[in-house]
Each structure stands twice: as structure tokens, then as C-alpha cells.
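Pasted below: model-v3.txt, compact mmCIF, C-alpha atoms.
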```txt
# COMPACT_ATOMS: atom_id res chain seq x y z
CA MET Z 1 48.31 150.63 -17.48
CA ALA Z 2 51.48 148.70 -17.31
CA THR Z 3 52.14 150.23 -13.96
CA SER Z 4 48.81 149.08 -12.51
CA SER Z 5 49.41 145.57 -13.84
CA LEU Z 6 52.78 145.44 -12.09
CA SER Z 7 51.24 146.63 -8.87
CA ARG Z 8 48.57 143.95 -8.95
CA LEU Z 9 51.22 141.32 -9.71
CA TYR Z 10 53.40 142.47 -6.82
CA GLY Z 11 50.44 142.37 -4.44
CA ALA Z 12 49.53 138.86 -5.56
CA LEU Z 13 53.09 137.67 -5.04
CA ARG Z 14 53.23 139.14 -1.52
CA GLY Z 15 50.00 137.44 -0.54
CA SER Z 16 51.09 134.04 -1.77
CA SER Z 17 54.48 134.44 -0.06
CA ALA Z 18 52.83 135.27 3.25
CA ARG Z 19 50.51 132.27 2.99
CA LEU Z 20 53.42 130.03 2.11
CA THR Z 21 55.44 131.27 5.06
CA ARG Z 22 52.62 130.82 7.54
CA ARG Z 23 51.87 127.35 6.23
CA ASN Z 24 55.35 125.89 5.96
CA TYR Z 25 57.58 127.98 8.18
CA ALA Z 26 55.36 129.00 11.04
CA VAL Z 27 57.50 130.04 13.99
CA VAL Z 28 56.36 128.52 17.28
CA ALA Z 29 57.43 130.25 20.49
CA PRO Z 30 59.67 127.85 22.39
CA LYS Z 31 58.49 126.57 25.74
CA PRO Z 32 60.61 127.49 28.75
CA THR Z 33 63.16 124.84 29.42
CA SER Z 34 62.52 123.20 32.77
CA PHE Z 35 65.47 121.94 34.77
CA THR Z 36 66.12 120.71 38.27
CA ARG Z 37 68.56 122.74 40.27
CA GLN Z 38 71.22 120.49 41.65
CA THR Z 39 73.55 121.68 44.37
CA ALA Z 40 76.78 119.78 44.71
CA LYS Z 41 77.37 118.62 48.28
CA PRO Z 42 80.76 119.39 49.74
CA SER Z 43 83.14 116.48 49.53
CA SER Z 44 83.97 116.82 53.22
CA TRP Z 45 80.31 116.30 54.12
CA THR Z 46 80.26 113.15 52.07
CA VAL Z 47 83.44 111.85 53.76
CA GLN Z 48 82.18 112.67 57.24
CA LYS Z 49 78.89 110.97 56.56
CA ALA Z 50 80.67 107.94 55.22
CA ASN Z 51 82.92 107.78 58.28
CA ALA Z 52 79.95 108.17 60.58
CA SER Z 53 78.16 105.30 58.89
CA THR Z 54 81.18 103.00 59.00
CA ASP Z 55 82.42 103.88 62.52
CA ALA Z 56 79.09 103.83 64.25
CA ALA Z 57 78.84 100.96 66.72
CA PRO Z 58 75.79 99.59 68.47
CA ALA Z 59 75.08 101.11 71.87
CA SER Z 60 75.54 97.73 73.50
CA ALA Z 61 79.04 97.15 72.08
CA PRO Z 62 81.71 96.79 74.82
CA ALA Z 63 84.29 99.55 75.25
CA SER Z 64 87.67 98.94 73.68
CA PRO Z 65 90.28 97.84 76.27
CA GLU Z 66 92.67 100.70 75.61
CA SER Z 67 94.32 103.21 77.89
CA LYS Z 68 92.15 106.11 78.99
CA VAL Z 69 93.65 109.24 80.51
CA SER Z 70 91.49 111.56 82.57
CA SER Z 71 92.02 115.28 82.95
CA GLU Z 72 93.43 114.67 86.44
CA GLY Z 73 96.35 112.64 85.17
CA THR Z 74 95.04 109.18 86.14
CA THR Z 75 95.95 106.47 83.67
CA SER Z 76 93.96 103.25 83.62
CA THR Z 77 95.10 100.33 81.49
CA ASN Z 78 93.03 97.16 81.21
CA GLY Z 79 95.46 95.13 79.09
CA ASN Z 80 93.56 92.25 77.51
CA GLY Z 81 90.32 93.09 79.23
CA ASN Z 82 90.45 90.32 81.81
CA GLY Z 83 91.78 92.51 84.62
CA ASN Z 84 95.03 90.59 85.04
CA GLU Z 85 97.15 93.40 83.67
CA SER Z 86 95.36 96.36 85.24
CA PHE Z 87 97.32 99.07 87.00
CA ASN Z 88 96.83 102.67 88.01
CA VAL Z 89 99.39 105.45 87.90
CA LEU Z 90 98.47 108.53 89.88
CA GLY Z 91 99.98 111.91 89.16
CA ASN Z 92 99.09 115.55 89.10
CA GLY Z 93 98.73 115.75 85.33
CA ASN Z 94 102.19 117.19 84.64
CA GLY Z 95 104.24 114.00 84.91
CA ASP Z 96 105.45 114.68 88.42
CA THR Z 97 105.63 111.36 90.31
CA SER Z 98 108.32 112.27 92.86
CA THR Z 99 108.15 110.94 96.42
CA ASP Z 100 107.84 113.23 99.43
CA TRP Z 101 110.48 111.66 101.67
CA SER Z 102 109.60 113.99 104.55
CA LYS Z 103 106.48 111.84 105.05
CA SER Z 104 106.75 108.72 102.89
CA TYR Z 105 107.79 105.23 104.03
CA SER Z 106 107.97 103.91 100.48
CA GLY Z 107 109.91 100.65 100.08
CA LEU Z 108 110.51 100.11 103.80
CA ALA Z 109 111.25 96.40 104.37
CA ALA Z 110 110.02 95.59 100.84
CA GLN Z 111 112.80 93.10 100.17
CA ALA Z 112 116.40 92.34 101.06
CA PHE Z 113 119.28 93.88 99.15
CA PRO Z 114 121.35 91.58 96.92
CA LYS Z 115 123.93 89.39 98.61
CA GLU Z 116 126.81 91.34 97.09
CA ALA Z 117 125.58 94.55 98.72
CA ALA Z 118 124.76 92.81 102.00
CA ASP Z 119 128.29 91.36 102.24
CA ILE Z 120 129.77 94.84 101.88
CA LEU Z 121 127.40 96.41 104.40
CA MET Z 122 127.88 93.75 107.07
CA GLY Z 123 131.55 93.13 106.45
CA PRO Z 124 133.95 93.18 109.41
CA ILE Z 125 135.56 96.47 110.39
CA ASP Z 126 139.21 97.06 109.83
CA PRO Z 127 140.67 97.78 113.30
CA MET Z 128 142.87 100.46 111.75
CA ASP Z 129 139.73 102.44 110.83
CA ILE Z 130 138.43 102.65 114.41
CA GLU Z 131 139.19 105.80 116.36
CA MET Z 132 139.02 106.43 120.11
CA LYS Z 133 138.05 109.50 122.12
CA PRO Z 134 139.90 110.41 125.33
CA ASP Z 135 136.86 109.36 127.38
CA GLY Z 136 137.15 105.79 126.06
CA LEU Z 137 134.43 105.90 123.38
CA ILE Z 138 135.38 104.13 120.14
CA TYR Z 139 133.83 105.19 116.84
CA LEU Z 140 134.13 104.97 113.08
CA PRO Z 141 134.61 108.31 111.28
CA GLU Z 142 131.56 109.28 109.24
CA ILE Z 143 133.57 109.26 106.00
CA LYS Z 144 134.07 105.52 106.45
CA TYR Z 145 130.28 105.00 106.52
CA ARG Z 146 129.98 106.91 103.26
CA ARG Z 147 132.64 104.77 101.64
CA VAL Z 148 130.82 101.59 102.67
CA LEU Z 149 127.56 102.88 101.19
CA ASN Z 150 129.33 103.91 97.98
CA ARG Z 151 130.82 100.43 97.61
CA ALA Z 152 127.47 98.76 98.26
CA PHE Z 153 125.15 100.96 96.19
CA GLY Z 154 127.44 103.15 94.10
CA PRO Z 155 127.79 106.93 94.24
CA GLY Z 156 124.32 108.40 93.72
CA GLY Z 157 122.60 105.17 94.74
CA TRP Z 158 121.86 106.43 98.24
CA GLY Z 159 121.13 109.69 100.04
CA LEU Z 160 119.85 111.41 103.17
CA ALA Z 161 116.46 113.15 103.10
CA PRO Z 162 115.41 115.54 105.90
CA ARG Z 163 112.32 114.46 107.83
CA SER Z 164 111.97 117.55 109.98
CA GLU Z 165 113.10 121.13 110.35
CA THR Z 166 116.42 121.91 112.01
CA ASN Z 167 115.94 122.30 115.75
CA VAL Z 168 118.42 124.81 117.17
CA GLY Z 169 118.59 124.82 120.95
CA PRO Z 170 120.72 126.92 123.31
CA LYS Z 171 123.66 124.51 122.99
CA ILE Z 172 122.65 121.73 120.59
CA VAL Z 173 121.40 121.29 117.02
CA SER Z 174 119.27 118.32 115.97
CA ARG Z 175 117.37 117.17 112.90
CA GLU Z 176 115.70 113.98 111.73
CA TYR Z 177 116.91 112.32 108.51
CA ALA Z 178 115.88 109.33 106.41
CA LEU Z 179 118.42 107.11 104.67
CA ILE Z 180 117.27 106.29 101.12
CA CYS Z 181 119.03 103.50 99.22
CA GLN Z 182 118.14 102.70 95.60
CA GLY Z 183 114.84 104.56 95.89
CA ARG Z 184 113.77 102.81 99.10
CA LEU Z 185 113.46 104.08 102.65
CA VAL Z 186 115.93 102.14 104.80
CA ALA Z 187 116.17 103.88 108.18
CA ILE Z 188 115.23 107.03 110.09
CA ALA Z 189 117.35 108.65 112.81
CA ARG Z 190 117.78 112.01 114.52
CA GLY Z 191 121.24 113.49 114.42
CA GLU Z 192 122.57 115.93 116.98
CA GLN Z 193 125.62 118.07 117.56
CA GLU Z 194 126.69 120.51 120.27
CA TYR Z 195 127.90 124.03 119.58
CA PHE Z 196 129.40 126.68 121.84
CA ASP Z 197 128.96 129.85 119.80
CA PRO Z 198 126.19 131.00 117.41
CA SER Z 199 128.77 131.34 114.65
CA GLY Z 200 129.30 127.57 114.86
CA ILE Z 201 125.68 126.67 114.08
CA PRO Z 202 126.28 126.00 110.33
CA THR Z 203 129.13 123.61 111.15
CA ALA Z 204 127.03 121.95 113.86
CA THR Z 205 124.20 121.51 111.36
CA GLU Z 206 126.49 119.62 108.97
CA ALA Z 207 127.85 117.49 111.81
CA CYS Z 208 124.25 116.76 112.81
CA LYS Z 209 123.67 115.25 109.36
CA SER Z 210 126.74 113.05 109.67
CA ASN Z 211 125.60 111.87 113.10
CA ALA Z 212 122.21 110.87 111.67
CA LEU Z 213 123.96 108.92 108.89
CA MET Z 214 125.99 106.93 111.40
CA ARG Z 215 122.85 106.06 113.35
CA CYS Z 216 120.89 105.08 110.23
CA CYS Z 217 123.68 102.74 109.15
CA LYS Z 218 123.09 100.61 112.24
CA ASP Z 219 119.93 99.27 110.54
CA LEU Z 220 122.06 98.13 107.60
CA GLY Z 221 124.58 96.40 109.86
CA VAL Z 222 127.41 98.81 109.06
CA ALA Z 223 129.98 98.84 111.88
CA SER Z 224 127.53 97.04 114.15
CA GLU Z 225 130.48 95.81 116.27
CA LEU Z 226 130.84 99.27 117.77
CA TRP Z 227 127.60 98.68 119.70
CA ASP Z 228 128.67 95.23 120.89
CA PRO Z 229 129.98 95.44 124.50
CA ARG Z 230 132.16 92.34 124.13
CA PHE Z 231 133.80 93.67 120.97
CA ILE Z 232 134.43 97.01 122.71
CA ARG Z 233 136.20 95.38 125.65
CA GLU Z 234 138.34 93.18 123.46
CA PHE Z 235 139.26 96.05 121.18
CA LYS Z 236 140.32 98.27 124.06
CA GLU Z 237 142.43 95.52 125.57
CA LYS Z 238 144.20 94.78 122.31
CA TYR Z 239 144.55 98.18 120.66
CA CYS Z 240 144.07 100.84 123.34
CA LEU Z 241 145.81 102.20 126.39
CA GLU Z 242 144.57 104.10 129.46
CA VAL Z 243 147.08 106.60 130.87
CA PHE Z 244 147.28 109.36 133.47
CA ALA Z 245 147.56 112.81 132.00
CA GLU Z 246 147.80 116.24 133.61
CA HIS Z 247 145.69 119.15 132.45
CA ILE Z 248 148.38 121.82 132.24
CA PRO Z 249 146.26 124.97 132.87
CA THR Z 250 144.57 123.52 135.97
CA LYS Z 251 147.27 121.02 137.06
CA LYS Z 252 144.56 118.36 137.44
CA LYS Z 253 145.28 114.76 136.54
CA LYS Z 254 142.82 112.32 135.03
CA LYS Z 255 142.76 109.02 133.20
CA LEU Z 256 142.51 109.25 129.41
CA TRP Z 257 142.27 106.67 126.66
CA ARG Z 258 144.23 106.54 123.42
CA ARG Z 259 145.25 103.96 120.87
CA LYS Z 260 148.57 102.23 121.44
CA ASP Z 261 149.78 103.26 117.97
CA GLN Z 262 148.89 106.88 118.73
CA GLY Z 263 151.45 109.32 120.08
CA LYS Z 264 151.31 110.79 123.57
CA PHE Z 265 148.77 113.47 124.39
CA GLY Z 266 149.68 117.03 123.56
CA TYR Z 267 148.61 120.35 124.97
CA PRO Z 268 146.53 121.01 127.05
CA TYR Z 269 147.38 117.54 128.43
CA GLN Z 270 150.72 116.01 129.34
CA GLU Z 271 151.34 112.39 130.17
```
Conversion result in C-alpha cells:
Amino acid sequence: MATSSLSRLYGALRGSSARLTRRNYAVVAPKPTSFTRQTAKPSSWTVQKANASTDAAPASAPASPESKVSSEGTTSTNGNGNGNESFNVLGNGNGDTSTDWSKSYSGLAAQAFPKEAADILMGPIDPMDIEMKPDGLIYLPEIKYRRVLNRAFGPGGWGLAPRSETNVGPKIVSREYALICQGRLVAIARGEQEYFDPSGIPTATEACKSNALMRCCKDLGVASELWDPRFIREFKEKYCLEVFAEHIPTKKKKKLWRRKDQGKFGYPYQE
């Protein structure tokens, strides 16, 4: 009997506990948490977009007056935009701006050389520098022309540029050269030199260059007296002598010229 009473009491307690739990501590299933998925944008995208918004210019805005270089190597500079400082430099894209002196006339008669150089070029000839050939032709050795040019422009300040191929004939070599002084074309002349044997062609070619130099120097006034008939006559009268000389192998006599300060003719001639 006691056992049945305890059972009924235990059942009553369980019932009241269940009612109490459902009334005060009812568990409610939680609702799913809603959230918005946010994807962080790359920082570089943000920077690029910012730059695009700040650098964008209206379509009607004038172009900036800065240098523009094309793929062909042409540089165009507008300076301050008013056209007063514009210039164009043409090249082949690799920085090569050299002049083809076989065709170019760049700098010809552009302006006179300084007075100091002109005085050296057109200075009077020292009579002791003038030589004479047996046929009576007076001349200035080519080394003297080179010394005058070196004094006027400095070593490396002038040069000879070929204008044609070397023409080798049966007995003569010729070639056209241009005299370039301080980057400017000064004169053009064809040099020539005789030769008597094919083995002498290299030497004749070098002499041809020297002959062209002497002819080019006429345009600069170097030794211009040598082409003045009056100067030639006076020089011969004062410094030269015409003598009879015998050609020893043939026993023929002929008149020959030499300087007065020069010794008598030697073999094959005899005075």
C-alpha cells in the first residue's frame, strides 16, 4: 500500500514538472540567421577606379603640349603651344642621324667661317714652301694644305668624303671627293693620278685623294696665288731658273726649270 502511494506521488510530481517546464521554459526553435554576403573588392580595383575618375578629362579638352614620339622615330615638340618653338627631328628610330656625304650638300654656303680661320686659310704663301717641276709648273705639296686646314679647324675638324667609286682607267685613276669642314660641305673636286703598272694602282689611288684635296682647297682660298698668272711669272723670275740639260741616255738637250736654291739636275739629266 505504501508502494502504490509512492507511485502515485511520483506520477503527480512528474506531471507537474512537465507542465512547469512547458509553461516557463518552453524551448523555441531559433530562426535562421539572415545575413548579406559581402565580397571585399580588391584594393587595386578601387585605386584604378579612383585614378580613372580623377584623370578623366572632357573629350573637348586640348592635348597637352608635350613631346610625342611615333614608332618611326619622328619627334614633334610644340614648346609652349604657340608654334614658335616647334621643330622636327627625323631619324630611323635607332638614333642614327648621320649624313650621307656621298649625296648630301648639307651646310654648303650656310655661313662664313670665323675671321680667325679665314685669316689662316687665305694667308700668304711662304715662298720657301713652293716647289717647281722641271716643266715649269709650281705647286704646293699636299702636306702643306693639310697643315693649313689643321691650323684653321684643328685636327679632326675637317675630312674628305668620297662622292663616287674609284674609276681605274688604262693609265689613270680618278675619284670625286667632298671636303667637309666642321660638319659642313665646303667643296667638291675630282682627283686624278697616272700610273704605269697595275701594281702601282693603290699608290695612285692615295695620290688621287691628295690631288682632290688640293683642288678643294681652292674654294677656301688656300694657296690661291698658284693659280694667279701674274704671281707665277713674278715667282719664276725671282726664285727660279731655266737651264739647258742633256738627257744622258738619249743625248737630247732640253730646257728645264728648277729653283735657284736647288742643286743642279742629276741623272738622267746633266746640266
To one decimal place, how far is CA of Ile138 in chain Z from CA of Ala117 in chain Z in Å?
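CA of Ala117 in chain Z lies at a distance of 25.4 Å from CA of Ile138 in chain Z.
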Got a sec: who's within 9 Å of Val243 in chain Z, counting all atoms listed in the file, leaving out chain neighbours fewer than 5 positions off, as a list in words?
Lys254, Lys255, Leu256, Trp257, Arg258 and Glu271 of chain Z
Distance query Leu241 in chain Z at most 10 Å, only C-alpha atoms, self and fewer than 4 positions along chain excluded, as number ranges by chain:
Z: 136, 236-237, 256-262
Have a look at CA of Ser174 in chain Z and CA of Leu140 in chain Z and let me know their distance in Å, one decimal.
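CA of Ser174 in chain Z sits 20.2 Å away from CA of Leu140 in chain Z.
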Please compute the CA of Ala161 in chain Z-CA of Leu179 in chain Z distance, one decimal, in Å.
6.5 Å
When you look at Ile120 in chain Z with a cut-off of 8 Å (counting only C-alpha atoms), what residues show up, excluding the ones that are within fewer than 3 positions of it in the same chain? I need them as a PyMOL selection string.
chain Z and resi 116-117+123+148+151-152
For Leu108 in chain Z, find every residue with an atom within 9 Å (counting all atoms listed in the file), except residues of its own chain fewer than 3 positions away, and show them as a list in words.
Tyr105, Gln111, Arg184, Leu185, Val186 and Ala187 of chain Z
Rank nothing, just name the residue among Z:Glu242, Z:Asp119, Z:Asp100, Z:Asp129 nearest to Arg163 in chain Z, using only C-alpha atoms.
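With only C-alpha atoms as the atom set, the closest residue is Z:Asp100.
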Of the candidates Z:Phe235, Z:Tyr177, Z:Trp158, Z:Trp101, which shows the shortest atom-to-atom distance to Lys209 in chain Z, using only C-alpha atoms?
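Using only C-alpha atoms, the shortest distance to Lys209 in chain Z belongs to Z:Tyr177.
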Here is a test: counting only C-alpha atoms, which residue of Z:Ile125, Z:Ser199, Z:Leu213, Z:Ala109 is nearest to Gly159 in chain Z?
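The answer is Z:Leu213, which sits nearest to Gly159 in chain Z.
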Would you kindly return, as a list in words, each protein, DNA or RNA residue with an atom no farther than 12 Å from any atom of Tyr269 in chain Z, considering only C-alpha atoms and excluding same-chain residues fewer than 2 positions away?
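These residues fall inside the cut-off: Pro134, Val243, Phe244, Ala245, Glu246, His247, Ile248, Pro249, Thr250, Lys251, Lys252, Lys253, Lys254, Lys255, Leu256, Lys264, Phe265, Gly266, Tyr267 and Glu271 of chain Z.
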Measuring atom to atom with only C-alpha atoms, identify which of Z:Ser102, Z:Thr205, Z:Gln182, Z:Ser210 is nearest to Ile143 in chain Z.
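Nearest candidate to Ile143 in chain Z out of Z:Ser102, Z:Thr205, Z:Gln182, Z:Ser210: Z:Ser210.
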For Arg215 in chain Z, which residue among Z:Gly169, Z:Thr203, Z:Arg230, Z:Leu160 is the nearest when counting only C-alpha atoms?
Z:Leu160
Just checking: using only C-alpha atoms, which residue out of Z:Pro155, Z:Thr166, Z:Lys218, Z:Ser224 ends up closest to Pro202 in chain Z?
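For Pro202 in chain Z, the nearest of the given residues is Z:Thr166.
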Kindly list the centre and edge lengths in Å, rounded to one decimal, for the axis-aligned box that covers all listed atoms of range 195-209 of chain Z plus 5 Å on each of its six sides, as AutoDock Vina command-line options.
```
--center_x 126.5 --center_y 123.3 --center_z 115.4 --size_x 15.7 --size_y 26.1 --size_z 22.9
```
